[in-house]
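Below: protein.txt (compact mmCIF, C-alpha atoms and all ligand atoms)
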# COMPACT_ATOMS: atom_id res chain seq x y z
CA MET A 1 16.30 -25.31 1.30
CA THR A 2 16.12 -22.27 -0.99
CA PRO A 3 14.19 -19.51 0.78
CA ARG A 4 11.01 -18.36 -0.95
CA THR A 5 11.05 -14.87 -2.48
CA PRO A 6 9.02 -12.61 -0.17
CA SER A 7 5.97 -11.20 -1.86
CA ILE A 8 4.23 -7.89 -1.20
CA LEU A 9 0.66 -7.03 -2.17
CA VAL A 10 -0.05 -3.37 -2.96
CA ILE A 11 -3.74 -2.49 -2.59
CA ASN A 12 -5.20 0.74 -3.91
CA GLY A 13 -8.73 1.74 -3.04
CA PRO A 14 -11.45 3.90 -4.57
CA ASN A 15 -10.68 6.61 -7.12
CA LEU A 16 -6.98 5.78 -7.22
CA ASN A 17 -7.53 4.31 -10.70
CA LEU A 18 -7.93 7.97 -11.73
CA LEU A 19 -4.44 8.98 -10.61
CA GLY A 20 -2.84 11.22 -13.18
CA THR A 21 -6.03 13.13 -13.93
CA ARG A 22 -7.69 13.24 -10.50
CA GLU A 23 -7.09 16.55 -8.68
CA PRO A 24 -3.48 16.79 -9.89
CA ALA A 25 -2.79 19.69 -7.51
CA VAL A 26 -3.41 17.27 -4.63
CA TYR A 27 -2.31 13.88 -6.03
CA GLY A 28 0.19 14.82 -8.75
CA THR A 29 0.27 13.65 -12.35
CA ALA A 30 1.71 10.15 -11.98
CA THR A 31 -0.70 7.38 -12.95
CA LEU A 32 -1.66 4.16 -11.18
CA ASP A 33 0.51 2.31 -13.72
CA ASP A 34 3.46 4.43 -12.54
CA VAL A 35 2.68 3.41 -8.95
CA VAL A 36 2.49 -0.26 -9.93
CA ARG A 37 5.85 -0.06 -11.75
CA LEU A 38 7.48 1.82 -8.87
CA ALA A 39 6.35 -0.85 -6.41
CA GLU A 40 7.53 -3.69 -8.68
CA ASP A 41 10.93 -2.09 -9.31
CA THR A 42 11.49 -1.29 -5.63
CA ALA A 43 10.57 -4.82 -4.56
CA ARG A 44 12.75 -6.42 -7.26
CA ASP A 45 15.79 -4.36 -6.27
CA LEU A 46 15.43 -5.75 -2.75
CA GLY A 47 14.91 -9.39 -3.71
CA CYS A 48 11.12 -9.39 -3.36
CA THR A 49 8.12 -9.35 -5.67
CA ALA A 50 5.23 -6.88 -5.60
CA SER A 51 1.83 -7.39 -7.15
CA SER A 52 -0.87 -4.75 -7.23
CA THR A 53 -4.62 -4.57 -7.17
CA GLN A 54 -7.06 -1.66 -7.24
CA SER A 55 -10.77 -1.62 -6.51
CA ASN A 56 -13.49 0.93 -5.99
CA HIS A 57 -15.47 -1.63 -3.95
CA GLU A 58 -15.00 -2.21 -0.24
CA GLY A 59 -15.90 -5.93 -0.42
CA ARG A 60 -13.38 -6.56 -3.20
CA ILE A 61 -10.66 -4.94 -1.11
CA ILE A 62 -11.61 -7.18 1.82
CA ASP A 63 -11.51 -10.24 -0.47
CA ALA A 64 -8.04 -9.21 -1.69
CA ILE A 65 -6.83 -8.89 1.91
CA HIS A 66 -8.21 -12.36 2.75
CA ALA A 67 -6.57 -13.87 -0.36
CA ALA A 68 -3.24 -12.32 0.67
CA ARG A 69 -3.12 -14.78 3.56
CA SER A 70 -2.00 -17.51 1.18
CA THR A 71 -0.22 -15.45 -1.49
CA SER A 72 1.62 -12.59 0.22
CA ASP A 73 3.96 -11.83 3.10
CA GLY A 74 3.05 -8.19 3.60
CA ILE A 75 0.56 -5.55 2.48
CA VAL A 76 0.94 -1.94 1.37
CA ILE A 77 -2.47 -0.28 1.37
CA ASN A 78 -3.86 3.05 0.30
CA ALA A 79 -7.52 2.51 1.07
CA GLY A 80 -8.45 5.97 -0.24
CA ALA A 81 -11.60 7.33 1.38
CA PHE A 82 -12.33 3.91 2.96
CA THR A 83 -9.43 4.76 5.28
CA HIS A 84 -11.73 7.14 7.12
CA THR A 85 -14.86 4.98 7.10
CA SER A 86 -14.18 1.25 6.93
CA ILE A 87 -14.03 -0.77 10.11
CA ALA A 88 -14.46 -3.82 7.86
CA ILE A 89 -11.15 -3.20 6.04
CA ARG A 90 -9.41 -2.65 9.36
CA ASP A 91 -10.87 -5.91 10.69
CA ALA A 92 -9.75 -7.79 7.55
CA LEU A 93 -6.17 -6.51 7.98
CA ALA A 94 -6.22 -7.47 11.66
CA ALA A 95 -7.64 -10.90 10.79
CA VAL A 96 -4.92 -11.87 8.31
CA GLY A 97 -2.17 -10.60 10.60
CA LEU A 98 0.35 -9.74 7.86
CA PRO A 99 2.65 -6.74 8.28
CA VAL A 100 0.90 -3.65 6.89
CA VAL A 101 2.15 -0.28 5.71
CA GLU A 102 -0.52 2.39 5.17
CA VAL A 103 0.17 4.97 2.47
CA HIS A 104 -1.47 8.26 1.56
CA ILE A 105 -0.21 10.29 -1.35
CA SER A 106 -1.40 13.57 0.14
CA ASN A 107 -0.75 14.85 3.63
CA VAL A 108 -4.18 13.99 5.00
CA HIS A 109 -3.42 15.91 8.20
CA ARG A 110 -3.17 19.18 6.29
CA ARG A 111 -6.54 18.60 4.66
CA GLU A 112 -10.17 18.47 5.78
CA GLU A 113 -10.82 17.28 9.33
CA PHE A 114 -12.65 14.13 8.17
CA ARG A 115 -9.37 12.91 6.64
CA HIS A 116 -7.46 13.19 9.93
CA SER A 117 -8.68 9.90 11.33
CA SER A 118 -7.82 6.47 9.96
CA TYR A 119 -9.29 3.09 10.85
CA ILE A 120 -6.23 1.51 9.23
CA SER A 121 -3.46 3.17 11.25
CA GLY A 122 -4.28 1.20 14.40
CA VAL A 123 -3.49 -2.07 12.63
CA ALA A 124 -0.59 -0.78 10.50
CA ASP A 125 3.08 -1.24 11.33
CA ALA A 126 4.00 2.01 9.58
CA VAL A 127 2.14 4.96 8.07
CA ILE A 128 3.50 7.15 5.27
CA VAL A 129 1.59 10.31 4.35
CA GLY A 130 2.30 13.28 2.14
CA ALA A 131 5.31 11.95 0.21
CA GLY A 132 3.41 11.75 -3.08
CA ILE A 133 3.74 8.47 -4.95
CA ASP A 134 7.23 8.15 -3.47
CA GLY A 135 5.32 6.98 -0.39
CA TYR A 136 4.74 3.65 -2.16
CA ARG A 137 8.49 3.29 -2.77
CA LEU A 138 9.18 4.01 0.89
CA ALA A 139 6.48 1.55 1.98
CA VAL A 140 7.67 -1.29 -0.28
CA ASP A 141 11.29 -0.60 0.70
CA HIS A 142 10.42 -0.82 4.40
CA LEU A 143 8.41 -4.03 4.03
CA ALA A 144 10.92 -5.66 1.69
CA ARG A 145 13.83 -5.05 4.07
CA ARG A 146 11.81 -6.37 6.96
CA LEU A 147 10.64 -9.47 5.07
CA THR A 148 14.02 -10.36 3.60
CA ALA A 149 15.67 -9.95 7.00
CA ALA A 150 13.07 -12.30 8.49
CA ALA A 151 13.47 -14.81 5.64
CA GLY A 152 17.28 -14.65 5.65
CA THR A 153 17.25 -13.43 2.05
CA ASP A 154 18.77 -10.01 2.69
CA ALA A 155 18.83 -7.43 -0.10
CA ALA A 156 22.63 -7.68 -0.06
CA SER A 157 22.37 -11.07 -1.77
CA PHE A 158 20.30 -9.57 -4.59
CA PRO A 159 22.66 -7.12 -6.34
CA LYS A 160 21.11 -4.90 -8.99
CA SER A 161 21.72 -6.20 -12.50
C1 LIG B 1 -5.77 9.44 -0.08
C2 LIG B 1 -6.36 10.42 0.94
C3 LIG B 1 -7.82 10.11 1.18
O1 LIG B 1 -8.37 11.03 2.11
C4 LIG B 1 -8.60 10.24 -0.12
O2 LIG B 1 -9.96 9.90 0.10
C5 LIG B 1 -8.02 9.43 -1.21
C6 LIG B 1 -6.56 9.42 -1.37
C7 LIG B 1 -4.31 9.79 -0.44
O3 LIG B 1 -3.65 8.94 -1.03
O4 LIG B 1 -3.85 10.91 -0.16
O5 LIG B 1 -8.71 8.86 -2.03
O6 LIG B 1 -5.77 8.15 0.48
If you convert what's in this file into structure tokens, what do you get?
Amino acid sequence: MTPRTPSILVINGPNLNLLGTREPAVYGTATLDDVVRLAEDTARDLGCTASSTQSNHEGRIIDAIHAARSTSDGIVINAGAFTHTSIAIRDALAAVGLPVVEVHISNVHRREEFRHSSYISGVADAVIVGAGIDGYRLAVDHLARRLTAAAGTDAASFPKS
């Protein structure tokens, strides 16, 4: 049987649609489209696929996490400010039970105290903070290697074209 291509869902939360113009001193000048492309390219190079979604609404993010149960093998999530407030997003991630990597573009630990705690970290397999948008590449890379190893479709069998 041909193994299925592992698929990664990248979820971006509130205000991340404004990347590129939002507080560039904190978040840089790359746009959300750049993040989406980076995730897609990283996944492809490792024999996986990545799809992305962004929402400013907590319930929509929860719906996307639930839908991932039947469409995805792992989740990369930057829940934005919901990271620090949303037990419901944490519960959704715990409920679907997929591997999760939490990403923050900025180093939240060097910022205001209210950004130091995360409801997501306790249900995440890995947390990447402060690497800029490269954090998404690191997150997708980590998940892709883990998923292809589990599926027996190692990156080595997907040479770059
Ligand atoms: C963020 C950090 C959060 O504290 C903030 O609310 C965001 C972005 C980051 O990527 O650094 O919206 O998640």
Exercise. Taking (-6.9, -11.6, 3.6) in the file's coordinates as the center, which residues reach within 10 Å of it, counting only C-alpha atoms, put as a ChimeraX atom specification?
Worked result: /A:61-72,75,89,91-98
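Comparing the minimum interatomic distances between Tyr27 of chain A and each of A:Ala144, A:Gly152, A:Ser106, A:Tyr136, counting all atoms listed in the file, we find that A:Ser106 sits nearest.
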Please build the interface table for chain A against ligand LIG 1 (chain B) with a cut-off of 12 Å, listing for each qualifying residue the nearest atom pair and the distance in Å to one decimal; count all atoms listed in the file, order rows by chain and increasing number, and write it as CSV.
residue,atom,partner,partner_atom,distance
A:Ile11,CA,B:LIG1,O6,11.3
A:Asn12,CA,B:LIG1,O6,8.6
A:Gly13,CA,B:LIG1,O5,7.2
A:Pro14,CA,B:LIG1,O5,6.2
A:Asn15,CA,B:LIG1,O5,5.9
A:Leu16,CA,B:LIG1,O5,6.3
A:Asn17,CA,B:LIG1,O5,9.9
A:Leu18,CA,B:LIG1,O5,9.8
A:Leu19,CA,B:LIG1,C6,9.5
A:Arg22,CA,B:LIG1,O5,9.6
A:Glu23,CA,B:LIG1,C6,10.2
A:Pro24,CA,B:LIG1,O4,11.4
A:Ala25,CA,B:LIG1,O4,11.5
A:Val26,CA,B:LIG1,O4,7.8
A:Tyr27,CA,B:LIG1,O4,6.8
A:Gly28,CA,B:LIG1,O4,10.3
A:Leu32,CA,B:LIG1,O3,11.4
A:Val35,CA,B:LIG1,O3,11.5
A:Gln54,CA,B:LIG1,O5,11.9
A:Ser55,CA,B:LIG1,O5,11.6
A:Asn56,CA,B:LIG1,O5,10.1
A:Ile77,CA,B:LIG1,O6,9.1
A:Asn78,CA,B:LIG1,O6,5.4
A:Ala79,CA,B:LIG1,O6,5.9
A:Gly80,CA,B:LIG1,O5,3.4
A:Ala81,CA,B:LIG1,O2,3.3
A:Phe82,CA,B:LIG1,O2,7.0
A:Thr83,CA,B:LIG1,O6,6.9
A:His84,CA,B:LIG1,O1,7.2
A:Thr85,CA,B:LIG1,O2,9.9
A:Ser86,CA,B:LIG1,O2,11.8
A:Glu102,CA,B:LIG1,O6,9.1
A:Val103,CA,B:LIG1,O3,6.5
A:His104,CA,B:LIG1,O3,3.5
A:Ile105,CA,B:LIG1,O3,3.7
A:Ser106,CA,B:LIG1,O4,3.6
A:Asn107,CA,B:LIG1,O4,6.3
A:Val108,CA,B:LIG1,C2,5.8
A:His109,CA,B:LIG1,O1,9.2
A:Arg110,CA,B:LIG1,O4,10.5
A:Arg111,CA,B:LIG1,O1,8.2
A:Glu112,CA,B:LIG1,O1,8.5
A:Glu113,CA,B:LIG1,O1,9.9
A:Phe114,CA,B:LIG1,O1,8.0
A:Arg115,CA,B:LIG1,O1,5.0
A:His116,CA,B:LIG1,O1,8.2
A:Ser117,CA,B:LIG1,O1,9.3
A:Ser118,CA,B:LIG1,O1,9.1
A:Tyr119,CA,B:LIG1,O1,11.8
A:Ile120,CA,B:LIG1,O6,11.0
A:Val127,CA,B:LIG1,O6,11.4
A:Ile128,CA,B:LIG1,O3,9.7
A:Val129,CA,B:LIG1,O4,7.1
A:Gly130,CA,B:LIG1,O4,7.0
A:Ala131,CA,B:LIG1,O4,9.2
A:Gly132,CA,B:LIG1,O4,7.9
A:Ile133,CA,B:LIG1,O3,8.4
A:Asp134,CA,B:LIG1,O3,11.2
A:Gly135,CA,B:LIG1,O3,9.2
A:Tyr136,CA,B:LIG1,O3,10.0
Exercise. Mind pulling up the distance from atom CA of Ala43 of chain A to atom CA of Thr5 of chain A?
Worked result: 10.3 Å
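Only residues having an atom at most 6 Å from (9.0, 2.8, -6.0) are included; using all atoms listed in the file, these are A:Leu38, A:Ala39, A:Thr42, A:Tyr136, A:Arg137.
You will find atom CA of Val123 of chain A at 23.4 Å from atom CA of Val36 of chain A.
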Exercise. What is the distance, in Å and to one decimal place, between atom CA of Gly47 of chain A and atom CA of Thr148 of chain A?
Worked result: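 Taking atom CA of Gly47 of chain A and atom CA of Thr148 of chain A, their separation equals 7.4 Å.
Taking only C-alpha atoms into account, Arg146 of chain A lies nearest to A:Leu46 out of the set A:Ile87, A:Leu46, A:Thr21, A:Ser52.
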Can we get segment 26-39 of chain A of that structure written down with all heavy atoms, as a PDB file, in the first residue's frame?
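As a result, part.pdb now contains:
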ATOM      1  N   VAL A  26       8.317  44.520  16.341  1.00  0.00           N
ATOM      2  CA  VAL A  26       8.121  43.312  17.151  1.00  0.00           C
ATOM      3  C   VAL A  26       7.994  42.078  16.263  1.00  0.00           C
ATOM      4  O   VAL A  26       8.579  41.021  16.544  1.00  0.00           O
ATOM      5  CB  VAL A  26       6.834  43.433  18.011  1.00  0.00           C
ATOM      6  CG1 VAL A  26       6.579  42.151  18.811  1.00  0.00           C
ATOM      7  CG2 VAL A  26       6.906  44.648  18.927  1.00  0.00           C
ATOM      8  N   TYR A  27       7.204  42.206  15.161  1.00  0.00           N
ATOM      9  CA  TYR A  27       6.839  41.016  14.375  1.00  0.00           C
ATOM     10  C   TYR A  27       7.528  40.947  13.013  1.00  0.00           C
ATOM     11  O   TYR A  27       7.319  39.980  12.279  1.00  0.00           O
ATOM     12  CB  TYR A  27       5.313  40.973  14.199  1.00  0.00           C
ATOM     13  CG  TYR A  27       4.571  40.859  15.510  1.00  0.00           C
ATOM     14  CD1 TYR A  27       3.788  41.899  15.996  1.00  0.00           C
ATOM     15  CD2 TYR A  27       4.681  39.707  16.278  1.00  0.00           C
ATOM     16  CE1 TYR A  27       3.121  41.794  17.216  1.00  0.00           C
ATOM     17  CE2 TYR A  27       4.028  39.589  17.496  1.00  0.00           C
ATOM     18  CZ  TYR A  27       3.250  40.646  17.955  1.00  0.00           C
ATOM     19  OH  TYR A  27       2.602  40.520  19.161  1.00  0.00           O
ATOM     20  N   GLY A  28       8.331  41.966  12.673  1.00  0.00           N
ATOM     21  CA  GLY A  28       9.022  41.944  11.387  1.00  0.00           C
ATOM     22  C   GLY A  28       8.132  42.423  10.256  1.00  0.00           C
ATOM     23  O   GLY A  28       7.002  42.886  10.474  1.00  0.00           O
ATOM     24  N   THR A  29       8.637  42.301   9.037  1.00  0.00           N
ATOM     25  CA  THR A  29       7.920  42.845   7.883  1.00  0.00           C
ATOM     26  C   THR A  29       7.385  41.760   6.949  1.00  0.00           C
ATOM     27  O   THR A  29       6.733  42.072   5.953  1.00  0.00           O
ATOM     28  CB  THR A  29       8.841  43.785   7.068  1.00  0.00           C
ATOM     29  OG1 THR A  29      10.047  43.081   6.767  1.00  0.00           O
ATOM     30  CG2 THR A  29       9.174  45.052   7.851  1.00  0.00           C
ATOM     31  N   ALA A  30       7.645  40.509   7.262  1.00  0.00           N
ATOM     32  CA  ALA A  30       7.091  39.430   6.435  1.00  0.00           C
ATOM     33  C   ALA A  30       5.574  39.384   6.618  1.00  0.00           C
ATOM     34  O   ALA A  30       5.059  39.724   7.691  1.00  0.00           O
ATOM     35  CB  ALA A  30       7.714  38.093   6.830  1.00  0.00           C
ATOM     36  N   THR A  31       4.881  38.992   5.570  1.00  0.00           N
ATOM     37  CA  THR A  31       3.415  38.949   5.609  1.00  0.00           C
ATOM     38  C   THR A  31       2.920  37.535   5.932  1.00  0.00           C
ATOM     39  O   THR A  31       3.699  36.567   5.908  1.00  0.00           O
ATOM     40  CB  THR A  31       2.837  39.356   4.240  1.00  0.00           C
ATOM     41  OG1 THR A  31       3.246  38.366   3.286  1.00  0.00           O
ATOM     42  CG2 THR A  31       3.342  40.737   3.814  1.00  0.00           C
ATOM     43  N   LEU A  32       1.610  37.441   6.156  1.00  0.00           N
ATOM     44  CA  LEU A  32       1.018  36.120   6.397  1.00  0.00           C
ATOM     45  C   LEU A  32       1.192  35.233   5.161  1.00  0.00           C
ATOM     46  O   LEU A  32       1.425  34.023   5.297  1.00  0.00           O
ATOM     47  CB  LEU A  32      -0.466  36.266   6.758  1.00  0.00           C
ATOM     48  CG  LEU A  32      -1.190  34.971   7.140  1.00  0.00           C
ATOM     49  CD1 LEU A  32      -0.536  34.287   8.344  1.00  0.00           C
ATOM     50  CD2 LEU A  32      -2.668  35.246   7.429  1.00  0.00           C
ATOM     51  N   ASP A  33       1.104  35.829   3.973  1.00  0.00           N
ATOM     52  CA  ASP A  33       1.346  35.047   2.746  1.00  0.00           C
ATOM     53  C   ASP A  33       2.750  34.451   2.750  1.00  0.00           C
ATOM     54  O   ASP A  33       2.949  33.319   2.307  1.00  0.00           O
ATOM     55  CB  ASP A  33       1.178  35.921   1.495  1.00  0.00           C
ATOM     56  CG  ASP A  33      -0.282  36.110   1.128  1.00  0.00           C
ATOM     57  OD1 ASP A  33      -1.131  35.401   1.696  1.00  0.00           O
ATOM     58  OD2 ASP A  33      -0.565  36.983   0.284  1.00  0.00           O
ATOM     59  N   ASP A  34       3.723  35.221   3.234  1.00  0.00           N
ATOM     60  CA  ASP A  34       5.098  34.697   3.325  1.00  0.00           C
ATOM     61  C   ASP A  34       5.144  33.493   4.274  1.00  0.00           C
ATOM     62  O   ASP A  34       5.833  32.499   4.001  1.00  0.00           O
ATOM     63  CB  ASP A  34       6.065  35.784   3.840  1.00  0.00           C
ATOM     64  CG  ASP A  34       6.207  36.956   2.882  1.00  0.00           C
ATOM     65  OD1 ASP A  34       6.083  36.742   1.655  1.00  0.00           O
ATOM     66  OD2 ASP A  34       6.442  38.089   3.360  1.00  0.00           O
ATOM     67  N   VAL A  35       4.406  33.600   5.381  1.00  0.00           N
ATOM     68  CA  VAL A  35       4.370  32.495   6.356  1.00  0.00           C
ATOM     69  C   VAL A  35       3.748  31.257   5.718  1.00  0.00           C
ATOM     70  O   VAL A  35       4.262  30.137   5.863  1.00  0.00           O
ATOM     71  CB  VAL A  35       3.560  32.919   7.615  1.00  0.00           C
ATOM     72  CG1 VAL A  35       3.239  31.716   8.492  1.00  0.00           C
ATOM     73  CG2 VAL A  35       4.324  33.980   8.402  1.00  0.00           C
ATOM     74  N   VAL A  36       2.654  31.470   4.987  1.00  0.00           N
ATOM     75  CA  VAL A  36       1.946  30.352   4.343  1.00  0.00           C
ATOM     76  C   VAL A  36       2.891  29.653   3.351  1.00  0.00           C
ATOM     77  O   VAL A  36       3.005  28.424   3.335  1.00  0.00           O
ATOM     78  CB  VAL A  36       0.668  30.862   3.632  1.00  0.00           C
ATOM     79  CG1 VAL A  36       0.071  29.793   2.722  1.00  0.00           C
ATOM     80  CG2 VAL A  36      -0.353  31.331   4.670  1.00  0.00           C
ATOM     81  N   ARG A  37       3.590  30.467   2.544  1.00  0.00           N
ATOM     82  CA  ARG A  37       4.522  29.901   1.538  1.00  0.00           C
ATOM     83  C   ARG A  37       5.672  29.156   2.212  1.00  0.00           C
ATOM     84  O   ARG A  37       6.059  28.070   1.789  1.00  0.00           O
ATOM     85  CB  ARG A  37       5.084  31.018   0.661  1.00  0.00           C
ATOM     86  CG  ARG A  37       4.509  31.015  -0.760  1.00  0.00           C
ATOM     87  CD  ARG A  37       5.309  31.915  -1.675  1.00  0.00           C
ATOM     88  NE  ARG A  37       5.607  33.212  -1.088  1.00  0.00           N
ATOM     89  CZ  ARG A  37       4.789  34.264  -1.151  1.00  0.00           C
ATOM     90  NH1 ARG A  37       3.634  34.164  -1.764  1.00  0.00           N
ATOM     91  NH2 ARG A  37       5.113  35.411  -0.593  1.00  0.00           N
ATOM     92  N   LEU A  38       6.199  29.747   3.269  1.00  0.00           N
ATOM     93  CA  LEU A  38       7.305  29.120   4.001  1.00  0.00           C
ATOM     94  C   LEU A  38       6.886  27.750   4.538  1.00  0.00           C
ATOM     95  O   LEU A  38       7.639  26.762   4.438  1.00  0.00           O
ATOM     96  CB  LEU A  38       7.737  30.048   5.146  1.00  0.00           C
ATOM     97  CG  LEU A  38       8.866  29.592   6.054  1.00  0.00           C
ATOM     98  CD1 LEU A  38      10.155  29.378   5.269  1.00  0.00           C
ATOM     99  CD2 LEU A  38       9.101  30.636   7.163  1.00  0.00           C
ATOM    100  N   ALA A  39       5.684  27.691   5.097  1.00  0.00           N
ATOM    101  CA  ALA A  39       5.182  26.420   5.637  1.00  0.00           C
ATOM    102  C   ALA A  39       4.991  25.405   4.515  1.00  0.00           C
ATOM    103  O   ALA A  39       5.399  24.237   4.642  1.00  0.00           O
ATOM    104  CB  ALA A  39       3.863  26.650   6.380  1.00  0.00           C
TER     105      ALA A  39
END
